[in-house]
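Colleague: See run38.pdb below, with PDB, C-alpha atoms.
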MODEL        1
ATOM      1  CA  MET A  17      19.785  27.479  25.829
ATOM      2  CA  GLU A  18      20.873  31.068  25.408
ATOM      3  CA  LEU A  19      19.501  34.045  27.327
ATOM      4  CA  LEU A  20      18.355  36.864  25.070
ATOM      5  CA  GLU A  21      17.144  39.964  26.939
ATOM      6  CA  ASN A  22      15.609  37.787  29.653
ATOM      7  CA  ARG A  23      14.021  35.476  27.050
ATOM      8  CA  VAL A  24      14.964  31.870  26.432
ATOM      9  CA  LEU A  25      15.766  30.567  22.942
ATOM     10  CA  PHE A  26      14.528  26.995  22.381
ATOM     11  CA  ALA A  27      16.332  26.323  19.085
ATOM     12  CA  HIS A  28      17.803  23.083  20.385
ATOM     13  CA  ALA A  29      14.395  21.767  21.467
ATOM     14  CA  ALA A  30      12.875  22.337  18.010
ATOM     15  CA  ALA A  31      15.839  20.625  16.338
ATOM     16  CA  ALA A  32      15.417  17.651  18.661
ATOM     17  CA  VAL A  33      11.758  17.178  17.616
ATOM     18  CA  VAL A  34      12.709  17.112  13.917
ATOM     19  CA  ALA A  35      15.639  14.773  14.533
ATOM     20  CA  THR A  36      13.415  12.243  16.315
ATOM     21  CA  GLN A  37      10.751  12.169  13.614
ATOM     22  CA  ALA A  38      11.284   9.024  11.599
ATOM     23  CA  VAL A  39       9.358   6.277   9.882
ATOM     24  CA  THR A  40      10.629   3.239  11.752
ATOM     25  CA  SER A  41       8.719   0.435  10.025
ATOM     26  CA  LEU A  42       5.806  -0.443   7.747
ATOM     27  CA  THR A  43       2.925  -2.791   8.515
ATOM     28  CA  LEU A  44       0.749  -4.643   5.983
ATOM     29  CA  ILE A  45      -2.896  -4.138   6.997
ATOM     30  CA  ASN A  46      -5.969  -6.227   6.187
ATOM     31  CA  ALA A  47      -8.391  -3.424   5.187
ATOM     32  CA  ASP A  48     -11.374  -5.741   5.783
ATOM     33  CA  THR A  49     -10.518  -6.176   9.490
ATOM     34  CA  ASP A  50      -8.280  -3.099  10.071
ATOM     35  CA  LEU A  51      -5.696  -5.420  11.649
ATOM     36  CA  PRO A  52      -2.068  -6.197  10.757
ATOM     37  CA  ILE A  53      -1.569  -9.326   8.663
ATOM     38  CA  ALA A  54       0.426 -11.946  10.577
ATOM     39  CA  GLY A  55       3.994 -12.210   9.349
ATOM     40  CA  TYR A  56       4.000  -8.686   7.857
ATOM     41  CA  ASP A  57       4.283  -6.555  11.011
ATOM     42  CA  PRO A  58       6.784  -5.209  10.246
ATOM     43  CA  LEU A  59       6.924  -5.493   6.455
ATOM     44  CA  ALA A  60      10.545  -6.434   5.775
ATOM     45  CA  THR A  61      12.393  -5.060   2.776
ATOM     46  CA  GLY A  62      12.589  -7.602  -0.039
ATOM     47  CA  THR A  63       9.315  -9.266   0.996
ATOM     48  CA  THR A  64       7.232 -11.088  -1.601
ATOM     49  CA  LEU A  65       3.481 -10.624  -1.167
ATOM     50  CA  ASP A  66       1.550 -13.490  -2.724
ATOM     51  CA  LEU A  67      -2.036 -12.314  -3.282
ATOM     52  CA  TYR A  68      -3.187 -15.941  -3.511
ATOM     53  CA  LYS A  69      -1.878 -16.718  -0.005
ATOM     54  CA  LEU A  70      -2.938 -13.502   1.749
ATOM     55  CA  PRO A  71      -6.302 -13.501   3.567
ATOM     56  CA  THR A  72      -7.598 -10.681   1.323
ATOM     57  CA  HIS A  73      -6.693  -8.482  -1.629
ATOM     58  CA  ASP A  74      -8.061  -5.471   0.296
ATOM     59  CA  LEU A  75      -4.747  -4.309   1.701
ATOM     60  CA  ASN A  76      -3.159  -1.140   3.032
ATOM     61  CA  ILE A  77       0.320  -0.266   4.323
ATOM     62  CA  ARG A  78       0.661   1.711   7.557
ATOM     63  CA  ALA A  79       3.748   3.815   8.321
ATOM     64  CA  ASN A  80       4.866   3.470  11.934
ATOM     65  CA  THR A  81       6.588   6.608  13.233
ATOM     66  CA  SER A  82       8.924   7.233  16.165
ATOM     67  CA  ALA A  83       7.345  10.519  17.240
ATOM     68  CA  ALA A  84       3.747  11.151  18.209
ATOM     69  CA  ALA A  85       3.887  14.714  16.855
ATOM     70  CA  VAL A  86       4.241  13.922  13.151
ATOM     71  CA  GLY A  87       2.389  16.460  10.987
ATOM     72  CA  SER A  88       2.106  14.287   7.869
ATOM     73  CA  VAL A  89       3.658  11.370   6.029
ATOM     74  CA  GLY A  90       4.461  11.322   2.330
ATOM     75  CA  PHE A  91       4.447   8.111   0.302
ATOM     76  CA  LYS A  92       6.694   7.928  -2.778
ATOM     77  CA  TYR A  93       5.631   4.804  -4.671
ATOM     78  CA  ASP A  94       7.502   3.446  -7.695
ATOM     79  CA  GLY A  95       9.104   6.812  -8.397
ATOM     80  CA  LYS A  96       5.914   8.876  -8.109
ATOM     81  CA  THR A  97       7.011  11.469  -5.533
ATOM     82  CA  THR A  98       3.541  12.596  -4.459
ATOM     83  CA  TYR A  99       1.737   9.240  -4.713
ATOM     84  CA  PHE A 100      -0.118   9.832  -1.445
ATOM     85  CA  THR A 101       0.091  12.166   1.557
ATOM     86  CA  ASP A 102      -1.594  11.445   4.870
ATOM     87  CA  SER A 103      -1.874  14.227   7.460
ATOM     88  CA  VAL A 104      -3.843  12.310  10.090
ATOM     89  CA  ALA A 105      -2.782   9.167  11.969
ATOM     90  CA  PRO A 106      -2.866   6.331  11.208
ATOM     91  CA  PHE A 107      -0.536   7.221   8.351
ATOM     92  CA  ASP A 108      -1.238   4.806   5.485
ATOM     93  CA  ILE A 109      -0.814   4.599   1.725
ATOM     94  CA  GLY A 110      -4.418   3.767   0.829
ATOM     95  CA  GLY A 111      -6.196   6.243   3.072
ATOM     96  CA  ASP A 112      -8.631   5.659   5.901
ATOM     97  CA  THR A 113     -11.850   7.018   7.329
ATOM     98  CA  ALA A 114     -11.462   7.712  11.057
ATOM     99  CA  GLY A 115      -8.979   4.839  11.399
ATOM    100  CA  SER A 116     -10.933   2.386   9.241
ATOM    101  CA  TYR A 117      -8.488   1.493   6.470
ATOM    102  CA  LEU A 118      -9.581   1.821   2.854
ATOM    103  CA  PRO A 119      -8.611  -1.018   0.487
ATOM    104  CA  TRP A 120      -5.490  -0.601  -1.614
ATOM    105  CA  THR A 121      -4.050  -3.415  -3.715
ATOM    106  CA  PRO A 122      -0.625  -3.035  -5.322
ATOM    107  CA  ALA A 123      -0.183  -4.216  -8.902
ATOM    108  CA  LEU A 124       1.746  -7.387  -9.647
ATOM    109  CA  GLY A 125       5.485  -6.803  -9.944
ATOM    110  CA  ALA A 126       8.411  -5.187  -8.114
ATOM    111  CA  HIS A 127       7.825  -2.000  -6.110
ATOM    112  CA  THR A 128       9.784   0.594  -4.168
ATOM    113  CA  LEU A 129       8.123   2.561  -1.377
ATOM    114  CA  ILE A 130       9.832   5.521   0.313
ATOM    115  CA  VAL A 131       7.939   6.957   3.277
ATOM    116  CA  THR A 132       8.923  10.308   4.824
ATOM    117  CA  PRO A 133       7.522  12.061   7.931
ATOM    118  CA  TYR A 134       7.105  15.856   7.986
ATOM    119  CA  THR A 135       6.616  18.301  10.849
ATOM    120  CA  GLY A 136       3.705  20.051   9.075
ATOM    121  CA  THR A 137       0.571  18.865   7.302
ATOM    122  CA  ASN A 138       0.562  18.042   3.576
ATOM    123  CA  ARG A 139       4.345  17.466   3.362
ATOM    124  CA  THR A 140       5.209  20.877   4.776
ATOM    125  CA  GLY A 141       7.722  21.774   7.431
ATOM    126  CA  THR A 142      10.888  19.797   7.913
ATOM    127  CA  ALA A 143      11.308  16.260   6.630
ATOM    128  CA  GLY A 144      12.343  13.636   9.155
ATOM    129  CA  THR A 145      14.109  10.332   8.539
ATOM    130  CA  ALA A 146      12.551   8.373   5.662
ATOM    131  CA  LEU A 147      12.242   4.603   5.332
ATOM    132  CA  SER A 148      12.722   2.852   1.998
ATOM    133  CA  GLU A 149      11.330  -0.640   1.356
ATOM    134  CA  ASN A 150      11.335  -2.854  -1.725
ATOM    135  CA  PHE A 151       8.716  -5.557  -2.167
ATOM    136  CA  THR A 152       7.341  -7.770  -4.909
ATOM    137  CA  VAL A 153       3.706  -8.718  -5.507
ATOM    138  CA  ILE A 154       2.831 -12.040  -7.137
ATOM    139  CA  ASN A 155      -0.273 -14.191  -7.523
ATOM    140  CA  SER A 156       0.482 -17.912  -7.452
ATOM    141  CA  ALA A 157      -3.176 -18.891  -7.913
ATOM    142  CA  PRO A 158      -3.453 -21.858 -10.232
ATOM    143  CA  SER A 159      -5.164 -21.286 -13.551
ATOM    144  CA  THR A 160      -7.894 -23.815 -14.307
ATOM    145  CA  PRO A 161     -10.291 -24.043 -17.250
ATOM    146  CA  PHE A 162     -13.580 -22.221 -16.613
ATOM    147  CA  THR A 163     -15.720 -25.157 -17.701
ATOM    148  CA  GLY A 164     -13.421 -27.708 -16.040
ATOM    149  CA  THR A 165     -12.130 -28.983 -19.381
ATOM    150  CA  ALA A 166      -9.703 -27.199 -21.641
ATOM    151  CA  TYR A 167     -10.967 -26.322 -25.124
ATOM    152  CA  VAL A 168      -9.487 -28.205 -28.046
ATOM    153  CA  LEU A 169      -7.860 -25.986 -30.638
ATOM    154  CA  PRO A 170      -8.456 -25.208 -33.387
ATOM    155  CA  GLY A 171     -11.954 -24.369 -32.293
ATOM    156  CA  GLN A 172     -14.188 -21.543 -31.134
ATOM    157  CA  ILE A 173     -13.714 -19.983 -27.695
ATOM    158  CA  GLU A 174     -15.953 -17.238 -26.373
ATOM    159  CA  ALA A 175     -14.194 -14.400 -24.535
ATOM    160  CA  GLU A 176     -16.405 -14.955 -21.456
ATOM    161  CA  ASN A 177     -14.993 -18.471 -21.059
ATOM    162  CA  PHE A 178     -11.600 -17.393 -19.757
ATOM    163  CA  ASP A 179      -9.837 -19.620 -17.221
ATOM    164  CA  ASN A 180     -10.401 -19.364 -13.474
ATOM    165  CA  GLY A 181      -7.636 -17.771 -11.423
ATOM    166  CA  GLY A 182      -8.401 -14.092 -11.694
ATOM    167  CA  GLU A 183      -6.656 -10.958 -12.931
ATOM    168  CA  GLY A 184      -2.988 -11.492 -13.681
ATOM    169  CA  VAL A 185      -3.316 -15.273 -13.607
ATOM    170  CA  ALA A 186      -5.932 -16.356 -16.122
ATOM    171  CA  TYR A 187      -6.365 -13.063 -17.932
ATOM    172  CA  HIS A 188      -5.326  -9.420 -17.902
ATOM    173  CA  ASP A 189      -7.920  -6.671 -17.967
ATOM    174  CA  THR A 190      -7.222  -2.955 -17.719
ATOM    175  CA  THR A 191     -10.755  -2.097 -16.551
ATOM    176  CA  ALA A 192     -12.555  -3.110 -13.379
ATOM    177  CA  GLY A 193     -15.840  -4.981 -13.358
ATOM    178  CA  ASN A 194     -18.053  -6.365 -16.071
ATOM    179  CA  GLN A 195     -18.413  -3.547 -18.602
ATOM    180  CA  GLY A 196     -20.520  -5.392 -21.161
ATOM    181  CA  GLY A 197     -23.158  -7.019 -18.972
ATOM    182  CA  ALA A 198     -22.288 -10.537 -20.231
ATOM    183  CA  TYR A 199     -23.193 -13.699 -18.342
ATOM    184  CA  ARG A 200     -19.854 -13.979 -16.535
ATOM    185  CA  THR A 201     -19.383 -11.529 -13.656
ATOM    186  CA  THR A 202     -15.808 -12.434 -12.638
TER     187      THR A 202
ENDMDL
END
Kindly return the structure encoded in the file as structure tokens.
Modeller:
Amino acid sequence: MELLENRVLFAHAAAAVVATQAVTSLTLINADTDLPIAGYDPLATGTTLDLYKLPTHDLNIRANTSAAAVGSVGFKYDGKTTYFTDSVAPFDIGGDTAGSYLPWTPALGAHTLIVTPYTGTNRTGTAGTALSENFTVINSAPSTPFTGTAYVLPGQIEAENFDNGGEGVAYHDTTAGNQGGAYRTT
């Protein structure tokens, strides 16, 4: 501290707050229960998340910080610098309503997540120490014929008769839900 005309300068104290702000770990959250998923608290870098083996696809990732006075946390996901910003704890990538986590499911494939704390809201103020994690998402669900028996080709197959196993396993669909109102709702 330095005395300035009988006033005290707290420059060192402010620097100490910024220096201690860090994202120390990430936790995979079950958004259905708002609880950490066993084995993913913390989420280790290089982890493979198998959607088939997880208890739900309604996920979220919480950033755990070293300081209670974090103003906001910025999530850079797969190169998108402003993927998500959270200014209210718990700090998470998918958002929450008063601590109740909203579902967020990462796409299949390899991902990089860089999470940075800030002293101010909405990524303002001084950035603290970021945490970078790489993870891969797979779905090892087996693909089985919808009717139980595979169709013989050549032959006629209706689009609604795709195999069981879900998105990324039995089929790939770029839109959510049943857009055409056909008999199959999955």
Colleague: So how many Å separate CA of Asp74 in chain A and CA of Ile53 in chain A, to one decimal?
Modeller: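 About the pair CA of Asp74 in chain A and CA of Ile53 in chain A: they are 11.3 Å apart.
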Colleague: Of the residues A:Gly110, A:Pro170, A:Gly87, A:Gly125, which is the one nearest to Leu44 in chain A, using all atoms listed in the file?
Modeller: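 Residue with the minimum atom-to-atom distance to Leu44 in chain A: A:Gly110.
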Colleague: Quick one: pull the distance between CA of Ala79 in chain A and CA of Asp108 in chain A, Å, one decimal.
Modeller: 5.8 Å
Colleague: Excluding Leu42 in chain A and its own-chain neighbours fewer than 2 positions away, which residues fall within 8 Å of it when counting only C-alpha atoms? Please give them as a list in words.
Modeller: Val39, Thr40, Leu44, Asp57, Pro58, Leu59, Ala60, Ile77, Arg78, Ala79 and Asn80 of chain A
Colleague: Translate the PyMOL selection byres ((chain A and resi 152) around 12) into a concrete residue list for this structure, as an MDAnalysis selection string.
Modeller: chainID A and resid 59:67 94 122:129 149:151 153:155
Colleague: Save the residues we just selected, C-alpha atoms, as a compact mmCIF listing (two decimals), in the coordinates of the input?
Modeller:
# COMPACT_ATOMS: atom_id res chain seq x y z
CA LEU A 59 6.92 -5.49 6.46
CA ALA A 60 10.54 -6.43 5.78
CA THR A 61 12.39 -5.06 2.78
CA GLY A 62 12.59 -7.60 -0.04
CA THR A 63 9.32 -9.27 1.00
CA THR A 64 7.23 -11.09 -1.60
CA LEU A 65 3.48 -10.62 -1.17
CA ASP A 66 1.55 -13.49 -2.72
CA LEU A 67 -2.04 -12.31 -3.28
CA ASP A 94 7.50 3.45 -7.70
CA PRO A 122 -0.62 -3.04 -5.32
CA ALA A 123 -0.18 -4.22 -8.90
CA LEU A 124 1.75 -7.39 -9.65
CA GLY A 125 5.48 -6.80 -9.94
CA ALA A 126 8.41 -5.19 -8.11
CA HIS A 127 7.82 -2.00 -6.11
CA THR A 128 9.78 0.59 -4.17
CA LEU A 129 8.12 2.56 -1.38
CA GLU A 149 11.33 -0.64 1.36
CA ASN A 150 11.34 -2.85 -1.72
CA PHE A 151 8.72 -5.56 -2.17
CA VAL A 153 3.71 -8.72 -5.51
CA ILE A 154 2.83 -12.04 -7.14
CA ASN A 155 -0.27 -14.19 -7.52
Colleague: Please determine, counting all atoms listed in the file, which residue among A:Gly164, A:Leu169, A:Leu75, A:Thr191 has the shortest atom-to-atom distance to Ser116 in chain A.
Modeller: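 Of the candidates, the smallest distance to Ser116 in chain A is held by A:Leu75.
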Colleague: So which residues fall inside 6 Å of (-0.9, -20.6, -14.6) if we count only C-alpha atoms? Mind giving them as a PyMOL selection string?
Modeller: chain A and resi 158-159+185
Colleague: Just the residues within 10 Å of Ala105 in chain A, please, counting only C-alpha atoms, with nothing from its chain fewer than 6 positions along; format it as number ranges by chain.
Modeller: A: 78-81, 84-89, 111-112, 114-115
